[in-house]
$ cat data35.cif   # mmCIF, C-alpha atoms
data_structure
loop_
_atom_site.label_atom_id
_atom_site.label_comp_id
_atom_site.auth_asym_id
_atom_site.auth_seq_id
_atom_site.Cartn_x
_atom_site.Cartn_y
_atom_site.Cartn_z
CA MET A 421 -0.60 5.02 23.26
CA ALA A 422 -4.29 5.77 23.64
CA PRO A 423 -6.27 3.59 26.06
CA VAL A 424 -7.62 0.35 24.64
CA PRO A 425 -11.43 0.31 24.61
CA GLU A 426 -12.98 -2.41 26.75
CA PRO A 427 -14.87 -5.00 24.67
CA ASP A 428 -18.61 -5.46 24.99
CA PRO A 429 -19.48 -9.07 23.99
CA THR A 430 -23.19 -8.29 23.92
CA SER A 431 -22.79 -5.72 21.13
CA ALA A 432 -21.43 -8.38 18.75
CA GLY A 433 -23.50 -11.28 20.07
CA GLY A 434 -20.51 -13.14 21.45
CA THR A 435 -16.74 -13.47 21.39
CA TYR A 436 -14.02 -15.79 20.08
CA ASP A 437 -12.27 -17.87 22.76
CA VAL A 438 -8.67 -18.82 21.96
CA ASN A 439 -7.48 -22.23 23.11
CA GLU A 440 -4.80 -24.75 22.20
CA SER A 441 -6.78 -26.33 19.39
CA GLY A 442 -7.81 -23.05 17.74
CA ILE A 443 -10.62 -20.52 18.05
CA GLN A 444 -14.19 -21.20 19.12
CA PHE A 445 -17.08 -18.73 19.04
CA ARG A 446 -18.97 -18.31 22.32
CA HIS A 447 -22.46 -16.89 21.94
CA VAL A 448 -23.56 -14.12 24.31
CA PRO A 449 -27.15 -12.80 24.20
CA GLY A 450 -27.10 -9.36 22.61
CA PRO A 451 -29.55 -6.55 22.08
CA ALA A 452 -32.83 -7.15 20.29
CA THR A 453 -33.01 -6.92 16.52
CA PRO A 454 -33.61 -3.32 15.35
CA ARG A 455 -37.27 -2.66 14.60
CA ASN A 456 -36.53 -0.55 11.51
CA GLY A 457 -33.77 1.06 9.53
CA THR A 458 -33.78 4.20 11.64
CA GLU A 459 -33.00 2.27 14.81
CA PHE A 460 -30.31 0.25 13.01
CA LEU A 461 -28.57 3.41 11.76
CA ALA A 462 -28.80 4.99 15.22
CA ARG A 463 -27.04 1.96 16.78
CA LEU A 464 -24.41 1.92 14.05
CA ARG A 465 -23.76 5.64 14.43
CA SER A 466 -23.39 5.41 18.21
CA GLY A 467 -20.99 2.45 18.15
CA LEU A 468 -18.90 3.12 15.03
CA ARG A 469 -15.36 4.34 15.68
CA LEU A 470 -12.30 4.67 13.43
CA ARG A 471 -8.89 5.53 14.85
CA VAL A 472 -5.44 5.67 13.25
CA LEU A 473 -2.95 3.57 15.21
CA ASP A 474 0.32 3.83 13.33
CA ARG A 475 2.02 5.30 10.25
CA PRO A 476 5.18 3.17 9.83
CA SER A 477 5.98 4.96 6.57
CA LYS A 478 4.44 7.27 3.98
CA ASP A 479 2.89 4.31 2.17
CA GLU A 480 1.68 2.34 5.22
CA LEU A 481 -1.27 2.89 7.53
CA VAL A 482 -2.59 0.91 10.50
CA PHE A 483 -6.03 1.82 11.83
CA GLU A 484 -8.79 0.20 13.85
CA LEU A 485 -12.48 0.01 12.97
CA ILE A 486 -14.85 -0.66 15.87
CA GLY A 487 -18.56 -1.38 16.02
CA VAL A 488 -19.19 -2.88 12.57
CA ASP A 489 -19.98 -6.32 11.23
CA VAL A 490 -17.41 -8.46 9.44
CA SER A 491 -19.33 -7.95 6.17
CA PHE A 492 -18.71 -4.19 6.39
CA ALA A 493 -15.00 -4.67 7.13
CA ASN A 494 -14.54 -7.17 4.31
CA ALA A 495 -16.42 -4.96 1.86
CA LEU A 496 -14.10 -2.07 2.71
CA ARG A 497 -11.03 -4.29 2.23
CA ARG A 498 -12.23 -5.61 -1.13
CA ILE A 499 -13.05 -2.12 -2.39
CA MET A 500 -9.57 -0.87 -1.50
CA ILE A 501 -8.05 -3.75 -3.47
CA ALA A 502 -10.32 -3.89 -6.51
CA GLU A 503 -12.49 -0.79 -6.93
CA VAL A 504 -10.45 2.33 -6.10
CA PRO A 505 -9.36 3.62 -9.55
CA THR A 506 -5.78 4.42 -10.56
CA MET A 507 -3.89 5.22 -13.76
CA ALA A 508 -1.89 2.51 -15.57
CA LEU A 509 -0.59 1.82 -19.08
CA GLU A 510 -3.46 0.16 -20.94
CA HIS A 511 -2.74 0.38 -24.69
CA VAL A 512 0.73 -0.16 -26.19
CA TYR A 513 1.41 0.61 -29.84
CA MET A 514 4.52 -1.33 -30.83
CA TRP A 515 6.40 0.28 -33.73
CA ASN A 516 9.60 -1.75 -33.57
CA ASN A 517 10.81 -4.46 -31.19
CA THR A 518 13.88 -6.52 -32.07
CA SER A 519 14.64 -7.54 -28.47
CA LEU A 520 14.26 -11.07 -27.13
CA ILE A 521 11.08 -10.12 -25.25
CA HIS A 522 7.86 -10.75 -27.17
CA ASP A 523 5.53 -7.82 -27.76
CA GLU A 524 2.85 -9.26 -25.45
CA VAL A 525 5.29 -9.84 -22.57
CA LEU A 526 6.83 -6.39 -22.97
CA SER A 527 3.38 -4.79 -22.98
CA HIS A 528 2.46 -6.70 -19.82
CA ARG A 529 5.63 -5.55 -18.05
CA LEU A 530 4.95 -1.95 -19.03
CA GLY A 531 1.40 -2.17 -17.70
CA LEU A 532 2.69 -3.21 -14.28
CA VAL A 533 4.92 -0.11 -13.95
CA PRO A 534 3.11 2.11 -11.38
CA LEU A 535 2.63 5.74 -12.39
CA ASN A 536 2.96 8.50 -9.81
CA VAL A 537 -0.09 10.55 -10.73
CA ASP A 538 -3.33 11.28 -8.90
CA PRO A 539 -6.16 9.44 -10.73
CA ARG A 540 -8.77 11.78 -9.27
CA LEU A 541 -7.58 14.45 -11.71
CA PHE A 542 -8.59 12.36 -14.74
CA ASP A 543 -11.92 11.33 -16.26
CA GLU A 544 -13.10 7.82 -17.03
CA TYR A 545 -12.29 6.70 -20.55
CA GLY A 546 -15.51 6.65 -22.54
CA ILE A 547 -17.13 9.84 -21.23
CA ASP A 548 -15.76 11.83 -24.18
CA VAL A 549 -16.83 10.52 -27.60
CA ASP A 550 -16.02 11.44 -31.16
CA GLU A 551 -18.41 12.15 -34.04
CA ASP A 552 -19.12 8.44 -34.52
CA GLY A 553 -20.00 7.97 -30.86
CA SER A 554 -16.84 5.98 -30.15
CA PRO A 555 -14.77 6.71 -27.01
CA ALA A 556 -12.22 9.44 -27.71
CA ALA A 557 -8.80 9.83 -26.12
CA THR A 558 -8.33 13.33 -24.69
CA ASP A 559 -5.90 15.09 -22.40
CA ARG A 560 -8.50 14.60 -19.62
CA ASN A 561 -8.54 10.81 -19.75
CA THR A 562 -5.25 9.68 -21.30
CA LEU A 563 -1.53 9.97 -20.56
CA VAL A 564 0.93 9.30 -23.39
CA PHE A 565 4.41 7.82 -22.92
CA LYS A 566 7.00 6.97 -25.54
CA LEU A 567 9.88 4.52 -25.36
CA GLU A 568 12.65 4.69 -27.97
CA VAL A 569 15.87 2.89 -27.00
CA ALA A 570 18.67 1.25 -28.96
CA CYS A 571 21.74 -0.63 -27.74
CA GLY A 572 25.14 0.60 -28.94
CA ARG A 573 28.30 -1.37 -29.59
CA ASP A 574 29.77 -0.58 -26.16
CA ALA A 575 29.13 1.62 -23.12
CA VAL A 576 30.55 4.77 -24.75
CA ASP A 577 28.62 4.31 -27.98
CA ASP A 578 25.46 3.43 -26.05
CA GLU A 579 25.66 6.59 -23.93
CA ARG A 580 26.22 8.67 -27.06
CA THR A 581 23.21 7.05 -28.72
CA ARG A 582 21.04 7.55 -25.64
CA ARG A 583 21.85 11.25 -25.36
CA ARG A 584 21.24 11.79 -29.07
CA THR A 585 17.87 10.02 -28.94
CA GLU A 586 16.87 11.83 -25.77
CA ALA A 587 17.78 15.22 -27.20
CA LYS A 588 15.65 14.49 -30.26
CA LEU A 589 12.67 13.43 -28.16
CA ARG A 590 13.05 16.40 -25.83
CA GLY A 591 12.88 18.62 -28.88
CA GLU A 592 9.50 17.03 -29.59
CA GLY A 593 8.28 18.13 -26.17
CA LEU A 594 8.75 14.83 -24.30
CA VAL A 595 9.88 14.72 -20.67
CA SER A 596 12.80 12.53 -19.61
CA GLY A 597 13.31 10.69 -16.37
CA TYR A 598 17.11 10.83 -16.41
CA ASP A 599 17.00 14.21 -14.69
CA VAL A 600 15.34 12.43 -11.78
CA ALA A 601 18.07 9.79 -11.69
CA GLU A 602 20.81 12.41 -11.80
CA ALA A 603 19.13 14.37 -9.01
CA GLN A 604 18.88 11.20 -6.91
CA GLN A 605 22.56 10.48 -7.50
CA ARG A 606 23.43 14.04 -6.45
CA ARG A 607 21.41 13.62 -3.26
CA GLY A 608 23.16 10.30 -2.64
CA ARG A 609 26.60 11.91 -3.06
CA GLU A 610 25.60 14.77 -0.76
CA GLY A 611 24.38 12.24 1.81
CA LYS A 612 27.69 10.38 1.67
CA ARG A 613 29.59 13.65 2.16
CA SER A 614 27.37 14.51 5.12
CA SER A 615 28.00 11.08 6.66
CA ALA A 616 31.74 11.45 6.14
CA ALA A 617 31.67 14.89 7.72
CA GLY A 618 29.80 13.46 10.71
CA ARG A 619 32.44 10.74 11.15
CA ASP A 620 35.16 13.39 11.04
CA GLY A 621 33.59 15.25 13.94
CA VAL A 622 31.73 17.90 11.96
CA ASP A 623 28.26 18.67 13.31
CA VAL A 624 25.85 17.79 10.50
CA ASP A 625 22.09 18.17 10.95
CA ASP A 626 20.22 16.46 8.14
CA GLY A 627 16.84 16.93 9.77
CA GLU A 628 16.17 13.19 10.05
CA GLY A 629 16.57 10.99 13.05
CA GLY A 630 18.35 7.67 13.14
CA VAL A 631 16.97 4.31 14.04
CA GLU A 632 17.16 5.12 17.72
CA ASP A 633 14.94 8.20 17.18
CA LEU A 634 12.04 6.25 15.68
CA GLU A 635 8.66 6.53 17.35
CA PRO A 636 7.63 3.40 19.26
CA SER A 637 5.43 1.30 17.02
CA VAL A 638 1.98 0.23 18.16
CA MET A 639 2.73 -3.24 16.82
CA ASN A 640 6.08 -3.26 18.63
CA LEU A 641 8.00 -3.30 15.34
CA SER A 642 10.37 -0.37 15.87
CA VAL A 643 13.48 -2.50 15.35
CA ALA A 644 12.09 -4.04 12.15
CA ASP A 645 11.00 -0.62 10.89
CA GLY A 646 14.49 0.75 11.51
CA ALA A 647 16.13 -2.14 9.68
CA ALA A 648 13.79 -1.69 6.71
CA ALA A 649 14.53 2.05 6.58
CA ALA A 650 18.29 1.38 6.66
CA ALA A 651 17.95 -1.16 3.82
CA VAL A 652 16.02 1.34 1.69
CA ASP A 653 18.62 4.05 2.31
CA ALA A 654 21.40 1.64 1.36
CA SER A 655 19.67 0.73 -1.91
CA ASN A 656 19.13 4.40 -2.79
CA VAL A 657 22.86 5.18 -2.72
CA ALA A 658 23.90 2.04 -4.58
CA SER A 659 25.90 2.41 -7.77
CA ALA A 660 23.80 2.89 -10.90
CA THR A 661 26.46 1.34 -13.16
CA PRO A 662 25.36 -2.14 -14.33
CA ILE A 663 27.84 -4.96 -13.88
CA ASP A 664 28.78 -6.63 -17.16
CA SER A 665 30.48 -10.00 -17.39
CA PRO A 666 33.84 -9.99 -19.22
CA HIS A 667 34.17 -11.42 -22.74
CA ARG A 668 30.46 -10.96 -23.41
CA PRO A 669 28.68 -8.46 -25.66
CA PHE A 670 27.60 -5.18 -24.12
CA THR A 671 24.13 -5.21 -22.55
CA ARG A 672 21.82 -2.20 -22.43
CA HIS A 673 19.46 -2.14 -19.43
CA VAL A 674 16.12 -0.48 -20.19
CA TYR A 675 14.59 1.05 -17.06
CA ALA A 676 11.33 2.80 -16.27
CA ARG A 677 13.20 6.13 -16.51
CA ASP A 678 13.47 5.51 -20.27
CA LEU A 679 9.71 6.00 -20.56
CA LEU A 680 9.29 9.58 -21.77
CA TRP A 681 6.11 11.45 -20.93
CA ALA A 682 4.52 13.26 -23.90
CA PRO A 683 2.23 15.98 -22.45
CA GLN A 684 -1.04 16.42 -24.33
CA GLY A 685 -3.21 19.53 -24.37
CA ASP A 686 -2.81 21.49 -21.14
CA GLN A 687 -1.27 18.60 -19.17
CA LEU A 688 2.08 20.39 -18.87
CA SER A 689 0.38 23.28 -17.07
CA ARG A 690 -1.66 20.93 -14.88
CA PHE A 691 1.42 18.86 -13.98
CA PRO A 692 4.30 21.38 -14.12
CA LEU A 693 7.96 20.46 -13.89
CA HIS A 694 10.29 21.44 -11.08
CA SER A 695 12.95 24.07 -11.81
CA LEU A 696 15.74 21.51 -11.31
CA GLY A 697 14.33 18.98 -13.74
CA VAL A 698 11.55 16.47 -13.61
CA GLY A 699 9.78 15.55 -10.40
CA SER A 700 7.20 12.87 -9.69
CA GLY A 701 3.48 13.08 -9.18
CA VAL A 702 1.20 16.09 -9.06
CA GLY A 703 3.25 19.30 -9.04
CA GLY A 704 6.33 17.61 -10.52
CA GLY A 705 5.41 16.18 -13.89
CA VAL A 706 4.12 12.68 -14.58
CA ARG A 707 6.66 9.91 -14.14
CA PRO A 708 6.81 6.22 -13.20
CA LEU A 709 6.69 5.81 -9.46
CA HIS A 710 10.11 4.13 -9.41
CA GLU A 711 12.65 5.10 -12.05
CA ASP A 712 14.82 1.98 -11.60
CA ILE A 713 12.31 -0.74 -12.58
CA LEU A 714 14.00 -3.01 -15.13
CA ILE A 715 11.86 -3.40 -18.25
CA ALA A 716 14.15 -5.20 -20.70
CA LYS A 717 17.76 -5.94 -21.66
CA LEU A 718 19.15 -5.25 -25.13
CA ARG A 719 22.21 -6.51 -27.01
CA PRO A 720 24.07 -4.37 -29.57
CA GLY A 721 21.85 -3.48 -32.51
CA GLN A 722 18.53 -4.31 -30.80
CA VAL A 723 15.85 -1.60 -30.72
CA ILE A 724 12.55 -0.94 -28.94
CA GLU A 725 10.21 1.79 -30.21
CA LEU A 726 6.67 2.09 -28.87
CA GLU A 727 3.97 4.42 -27.62
CA ALA A 728 1.91 3.63 -24.52
CA HIS A 729 -1.37 5.20 -23.38
CA ALA A 730 -2.35 5.23 -19.71
CA ARG A 731 -6.02 5.11 -18.78
CA LYS A 732 -8.06 5.08 -15.60
CA GLY A 733 -9.16 1.68 -14.35
CA ILE A 734 -9.86 -0.50 -11.31
CA GLY A 735 -8.23 -3.61 -9.93
CA LYS A 736 -11.36 -5.67 -10.67
CA ASP A 737 -10.44 -5.38 -14.37
CA HIS A 738 -6.68 -5.92 -13.95
CA ALA A 739 -4.31 -6.13 -10.98
CA LYS A 740 -2.15 -3.33 -12.42
CA PHE A 741 -4.86 -0.85 -11.43
CA SER A 742 -4.91 -1.92 -7.76
CA PRO A 743 -3.68 0.98 -5.58
CA VAL A 744 -2.52 -1.26 -2.70
CA ALA A 745 0.22 -3.83 -2.37
CA THR A 746 -1.77 -5.34 0.49
CA ALA A 747 -4.89 -4.51 2.46
CA SER A 748 -5.80 -6.86 5.29
CA TYR A 749 -7.45 -6.90 8.69
CA ARG A 750 -7.41 -9.02 11.84
CA LEU A 751 -9.62 -9.22 14.87
CA MET A 752 -8.52 -7.28 17.94
CA PRO A 753 -7.05 -9.57 20.65
CA HIS A 754 -8.25 -9.17 24.22
CA VAL A 755 -5.75 -10.45 26.79
CA GLU A 756 -6.54 -10.80 30.50
CA VAL A 757 -4.41 -11.96 33.43
CA VAL A 758 -6.87 -13.97 35.52
CA ARG A 759 -4.24 -15.17 38.03
CA PRO A 760 -1.20 -13.14 39.13
CA ILE A 761 2.10 -14.00 37.42
CA TYR A 762 5.29 -13.12 39.32
CA ASP A 763 9.09 -13.03 39.10
CA ASP A 764 10.88 -15.42 36.71
CA LEU A 765 7.69 -16.62 35.06
CA ALA A 766 6.61 -13.02 34.46
CA GLU A 767 9.97 -12.16 32.87
CA GLU A 768 9.79 -15.28 30.72
CA LEU A 769 6.30 -14.28 29.58
CA GLU A 770 7.44 -10.75 28.75
CA ASN A 771 10.58 -11.67 26.81
CA TRP A 772 9.85 -15.01 25.17
CA PHE A 773 6.21 -16.03 24.96
CA GLU A 774 4.48 -12.75 23.99
CA PRO A 775 7.05 -9.94 23.35
CA GLY A 776 5.61 -6.45 23.58
CA VAL A 777 2.27 -7.52 25.06
CA PHE A 778 3.25 -7.76 28.74
CA ASP A 779 5.45 -5.72 31.01
CA CYS A 780 6.98 -6.47 34.39
CA VAL A 781 6.25 -3.90 37.07
CA PRO A 782 7.81 -3.83 40.55
CA THR A 783 5.62 -5.21 43.31
CA ASP A 784 5.83 -6.17 46.99
CA GLU A 785 2.94 -8.62 47.01
CA ASP A 786 3.83 -11.66 49.15
CA GLY A 787 7.52 -10.90 48.82
CA HIS A 788 7.66 -11.03 44.99
CA ARG A 789 9.91 -8.80 42.88
CA VAL A 790 7.90 -8.13 39.71
CA LYS A 791 4.43 -8.79 38.39
CA ALA A 792 3.24 -9.24 34.77
CA VAL A 793 0.64 -6.80 33.47
CA VAL A 794 -0.89 -6.31 30.00
CA VAL A 795 0.40 -3.10 28.38
CA ASN A 796 -0.11 -3.49 24.61
CA PRO A 797 -2.64 -6.05 23.34
CA TYR A 798 -2.21 -4.66 19.79
CA ALA A 799 1.19 -6.39 19.64
CA CYS A 800 -0.34 -9.81 20.27
CA THR A 801 0.20 -12.13 17.30
CA MET A 802 -2.03 -14.92 18.67
CA SER A 803 0.95 -17.28 18.76
CA ARG A 804 -0.41 -19.05 21.89
CA ASN A 805 3.15 -19.99 22.87
CA PHE A 806 2.37 -19.28 26.52
CA MET A 807 -0.04 -22.24 26.51
CA ARG A 808 2.95 -24.58 26.47
CA ASN A 809 3.41 -23.68 30.12
CA PRO A 810 0.55 -25.16 32.19
CA ILE A 811 0.75 -22.38 34.80
CA LEU A 812 0.57 -19.60 32.19
CA LYS A 813 -2.19 -21.45 30.35
CA ASP A 814 -4.41 -21.25 33.43
CA SER A 815 -3.33 -17.68 34.29
CA ILE A 816 -4.09 -15.95 30.98
CA ARG A 817 -7.37 -15.70 29.08
CA MET A 818 -7.13 -14.71 25.43
CA THR A 819 -10.11 -13.84 23.22
CA ARG A 820 -10.78 -12.00 19.96
CA ILE A 821 -13.39 -9.26 19.63
CA PRO A 822 -15.76 -9.93 16.67
CA ASP A 823 -16.61 -6.26 15.95
CA HIS A 824 -13.14 -4.75 16.43
CA PHE A 825 -10.89 -4.86 13.34
CA ILE A 826 -7.27 -3.79 12.92
CA PHE A 827 -6.56 -2.84 9.29
CA SER A 828 -3.11 -2.77 7.69
CA VAL A 829 -2.97 -0.92 4.36
CA GLU A 830 0.18 -0.66 2.25
CA SER A 831 -0.10 1.60 -0.77
CA VAL A 832 1.76 1.02 -4.02
CA GLY A 833 2.66 4.72 -3.90
CA MET A 834 0.46 6.65 -6.33
CA MET A 835 -1.91 7.57 -3.48
CA GLU A 836 -1.37 7.75 0.26
CA PRO A 837 -3.08 4.95 2.21
CA ALA A 838 -5.35 7.41 4.07
CA VAL A 839 -6.62 8.69 0.70
CA ILE A 840 -7.26 5.11 -0.45
CA VAL A 841 -9.33 4.43 2.69
CA ALA A 842 -11.31 7.64 2.18
CA GLU A 843 -11.97 6.81 -1.49
CA ALA A 844 -13.04 3.27 -0.55
CA LEU A 845 -15.52 4.64 1.98
CA LYS A 846 -16.94 6.98 -0.69
CA ILE A 847 -17.40 4.06 -3.09
CA LEU A 848 -19.06 1.98 -0.36
CA LYS A 849 -21.42 4.87 0.36
CA GLU A 850 -22.32 5.16 -3.32
CA LYS A 851 -23.05 1.42 -3.45
CA CYS A 852 -25.36 1.68 -0.44
CA GLU A 853 -27.17 4.67 -1.93
CA ARG A 854 -27.60 2.79 -5.21
CA VAL A 855 -29.12 -0.25 -3.47
CA SER A 856 -31.34 2.00 -1.35
CA GLY A 857 -32.58 3.79 -4.47
CA LEU A 858 -33.34 0.50 -6.21
CA ALA A 859 -35.28 -0.66 -3.15
CA ASP A 860 -37.30 2.54 -3.09
CA ASP A 861 -38.11 2.27 -6.80
CA ALA A 862 -39.12 -1.39 -6.59
CA SER A 863 -42.82 -2.16 -6.43
CA PRO A 864 -44.07 -3.80 -3.23
CA MET A 865 -44.79 -7.51 -3.51
CA ASP A 866 -48.51 -7.11 -2.78
CA GLU A 867 -48.93 -4.63 -5.62
CA TYR A 868 -47.11 -7.04 -7.94
CA VAL A 869 -49.42 -9.89 -6.98
CA GLU A 870 -52.56 -7.77 -7.44
CA GLY A 871 -51.34 -6.67 -10.86
CA ARG A 872 -51.14 -10.29 -12.03
#
$ encode --input "data35.cif" --output "structure tokens"
Amino acid sequence: MAPVPEPDPTSAGGTYDVNESGIQFRHVPGPATPRNGTEFLARLRSGLRLRVLDRPSKDELVFELIGVDVSFANALRRIMIAEVPTMALEHVYMWNNTSLIHDEVLSHRLGLVPLNVDPRLFDEYGIDVDEDGSPAATDRNTLVFKLEVACGRDAVDDERTRRRTEAKLRGEGLVSGYDVAEAQQRRGREGKRSSAAGRDGVDVDDGEGGVEDLEPSVMNLSVADGAAAAAVDASNVASATPIDSPHRPFTRHVYARDLLWAPQGDQLSRFPLHSLGVGSGVGGGVRPLHEDILIAKLRPGQVIELEAHARKGIGKDHAKFSPVATASYRLMPHVEVVRPIYDDLAEELENWFEPGVFDCVPTDEDGHRVKAVVVNPYACTMSRNFMRNPILKDSIRMTRIPDHFIFSVESVGMMEPAVIVAEALKILKEKCERVSGLADDASPMDEYVEGR
């Protein structure tokens, strides 16, 4: 782990002291107010630092931002949530719906299905107009999906109906997601055979490490990360056959894989398909991010036929456009040992009060065995449990640095979290340039007064 930068209370004008009752800000005289914008930008440029701390998974990112005000950090967080554009189903044309789900509810559920496509490759809806000046849907701003499902009398009849409908739609140039499901099932079966071969003593190298091979997490969450990875792997190889209750009519489960992509214009060349079927995202067709999202349930004879158009939008208009599941930050903890902590008390501090923050190192000071030292302040959760012990309360000083932020970004999946952060910074830059331009164009107050 890279060395933790030492805090400078004067740069932020103070620090937050942590005590039993909560957090209290302690003012520290800082540098003088910048004389002009040039000096302000020079200070910001010299103190601003951004460093990636951890990548727990493909869709998660932990980074620290140092040397900025809380308004800057909060603006970046809000932009990631509400102003980074994505693609989502916006307009649903319902041709036939005899299921129990109302048209409005079904349309809402479809809109919340995330699409694995890069929104930067599409234009804003409204740039292209028709002869009347109205916004026109083109292959540069719209994705078209079709859903045509019907429930058969039983499982055999339903599968026969599904294949017949899918063959008809494929003949119309639509792209099915069942190839993805079949490929995932094949990978699951191959993984099971590899695991069985490993248990039988056969040397199998799948190129991926187990839980014990995980990189140590900055937040000291390696065990939790391993458990989450094992749970995801277990769900991926689960049986795809729905469980039906006996003595009840057959139920058809409609999943996101039933949404068929209808390429428009040159979209098929821009988003080509893999040789083994349909992929996901750029370079592998356009598909829902997760093929197993349950959309509806049908009884025999019920039908859903619709066409859905995906457009580019932002989370400020609707939550379905938000690219992140969560984007949050916390202030960096600063932990100091002001009085030495030895032996049993040090081990208790390491294992129970603040796990991952302290470590016990051998020592021969005054005949003691071990001594507690701070090794990873990033793992501190500000629990303040050590304050229950009066000796530890007087031996440890805990503060929070006002201009040091630790961001945790979890992407929905259509864009990697690092891309979301970069796009949010671009949007923030454009906002600043827009305000600066308006300020430059505005007339000075003295000229306005003289004009009156």
$ residues_around --input "data35.cif" --residues "region 431-444 of chain A" --least-positions-apart "3" --cutoff "7 Å" --atoms "only C-alpha atoms" --output "MDAnalysis selection string"
chainID A and resid 428 447:451 807 818:823
$ residues_around --input "data35.cif" --residues "Val525 (chain A)" --least-positions-apart "6" --cutoff "12 Å" --atoms "all atoms listed in the file" --output "tab-separated table (two decimals) with C-alpha atoms, in the frame of the given file"
chain	number	residue	atom	x	y	z
A	512	VAL	CA	0.73	-0.16	-26.19
A	514	MET	CA	4.52	-1.33	-30.83
A	517	ASN	CA	10.81	-4.46	-31.19
A	519	SER	CA	14.64	-7.54	-28.47
A	531	GLY	CA	1.40	-2.17	-17.70
A	532	LEU	CA	2.69	-3.21	-14.28
A	715	ILE	CA	11.86	-3.40	-18.25
A	716	ALA	CA	14.15	-5.20	-20.70
$ resolve_selection --input "data35.cif" --expression "the PyMOL selection byres ((chain A and resi 511) around 9)" --output "list of chain:residue names"
A:Leu509, A:Glu510, A:Val512, A:Tyr513, A:Ser527, A:Gly531, A:Glu727, A:Ala728, A:His729, A:Ala730, A:Arg731
$ residues_around --input "data35.cif" --residues "region 753-755 of chain A" --least-positions-apart "3" --cutoff "9 Å" --atoms "only C-alpha atoms" --output "PyMOL selection string"
chain A and resi 426-427+750+777+794+797-802+816-821+824
$ atom_distance --input "data35.cif" --atom1 "CA of Lys846 (chain A)" --atom2 "CA of Ser831 (chain A)"
17.7 Å
$ residues_near_point --input "data35.cif" --point "(10.9, -3.2, -34.9)" --cutoff "7 Å" --atoms "all atoms listed in the file" --output "MDAnalysis selection string"
chainID A and resid 515:518 723:725
$ write_last_selection --input "data35.cif" --atoms "C-alpha atoms" --output "PDB file, in the coordinates of the input"
ATOM      1  CA  TRP A 515       6.400   0.280 -33.730  1.00  0.00           C
ATOM      2  CA  ASN A 516       9.600  -1.750 -33.570  1.00  0.00           C
ATOM      3  CA  ASN A 517      10.810  -4.460 -31.190  1.00  0.00           C
ATOM      4  CA  THR A 518      13.880  -6.520 -32.070  1.00  0.00           C
ATOM      5  CA  VAL A 723      15.850  -1.600 -30.720  1.00  0.00           C
ATOM      6  CA  ILE A 724      12.550  -0.940 -28.940  1.00  0.00           C
ATOM      7  CA  GLU A 725      10.210   1.790 -30.210  1.00  0.00           C
TER       8      GLU A 725
END
$ resolve_selection --input "data35.cif" --expression "the PyMOL selection byres ((chain A and resi 836-842) around 9)" --output "list of chain:residue names"
A:Lys478, A:Asp479, A:Glu480, A:Leu481, A:Leu496, A:Arg497, A:Met500, A:Val504, A:Pro743, A:Val744, A:Val829, A:Glu830, A:Ser831, A:Val832, A:Gly833, A:Met834, A:Met835, A:Glu843, A:Ala844, A:Leu845, A:Lys846, A:Ile847
$ write_last_selection --input "data35.cif" --atoms "C-alpha atoms" --output "PDB file, in the frame of the given file"
ATOM      1  CA  LYS A 478       4.440   7.270   3.980  1.00  0.00           C
ATOM      2  CA  ASP A 479       2.890   4.310   2.170  1.00  0.00           C
ATOM      3  CA  GLU A 480       1.680   2.340   5.220  1.00  0.00           C
ATOM      4  CA  LEU A 481      -1.270   2.890   7.530  1.00  0.00           C
ATOM      5  CA  LEU A 496     -14.100  -2.070   2.710  1.00  0.00           C
ATOM      6  CA  ARG A 497     -11.030  -4.290   2.230  1.00  0.00           C
ATOM      7  CA  MET A 500      -9.570  -0.870  -1.500  1.00  0.00           C
ATOM      8  CA  VAL A 504     -10.450   2.330  -6.100  1.00  0.00           C
ATOM      9  CA  PRO A 743      -3.680   0.980  -5.580  1.00  0.00           C
ATOM     10  CA  VAL A 744      -2.520  -1.260  -2.700  1.00  0.00           C
ATOM     11  CA  VAL A 829      -2.970  -0.920   4.360  1.00  0.00           C
ATOM     12  CA  GLU A 830       0.180  -0.660   2.250  1.00  0.00           C
ATOM     13  CA  SER A 831      -0.100   1.600  -0.770  1.00  0.00           C
ATOM     14  CA  VAL A 832       1.760   1.020  -4.020  1.00  0.00           C
ATOM     15  CA  GLY A 833       2.660   4.720  -3.900  1.00  0.00           C
ATOM     16  CA  MET A 834       0.460   6.650  -6.330  1.00  0.00           C
ATOM     17  CA  MET A 835      -1.910   7.570  -3.480  1.00  0.00           C
ATOM     18  CA  GLU A 843     -11.970   6.810  -1.490  1.00  0.00           C
ATOM     19  CA  ALA A 844     -13.040   3.270  -0.550  1.00  0.00           C
ATOM     20  CA  LEU A 845     -15.520   4.640   1.980  1.00  0.00           C
ATOM     21  CA  LYS A 846     -16.940   6.980  -0.690  1.00  0.00           C
ATOM     22  CA  ILE A 847     -17.400   4.060  -3.090  1.00  0.00           C
TER      23      ILE A 847
END
$ axis_aligned_box --input "data35.cif" --around "region 828-839 of chain A" --padding-each-side "6 Å" --output "JSON"
{"center_x": -2.0, "center_y": 3.0, "center_z": 0.7, "size_x": 21.3, "size_y": 23.5, "size_z": 26.0}
$ atom_distance --input "data35.cif" --atom1 "CA of His528 (chain A)" --atom2 "CA of His673 (chain A)"
17.6 Å
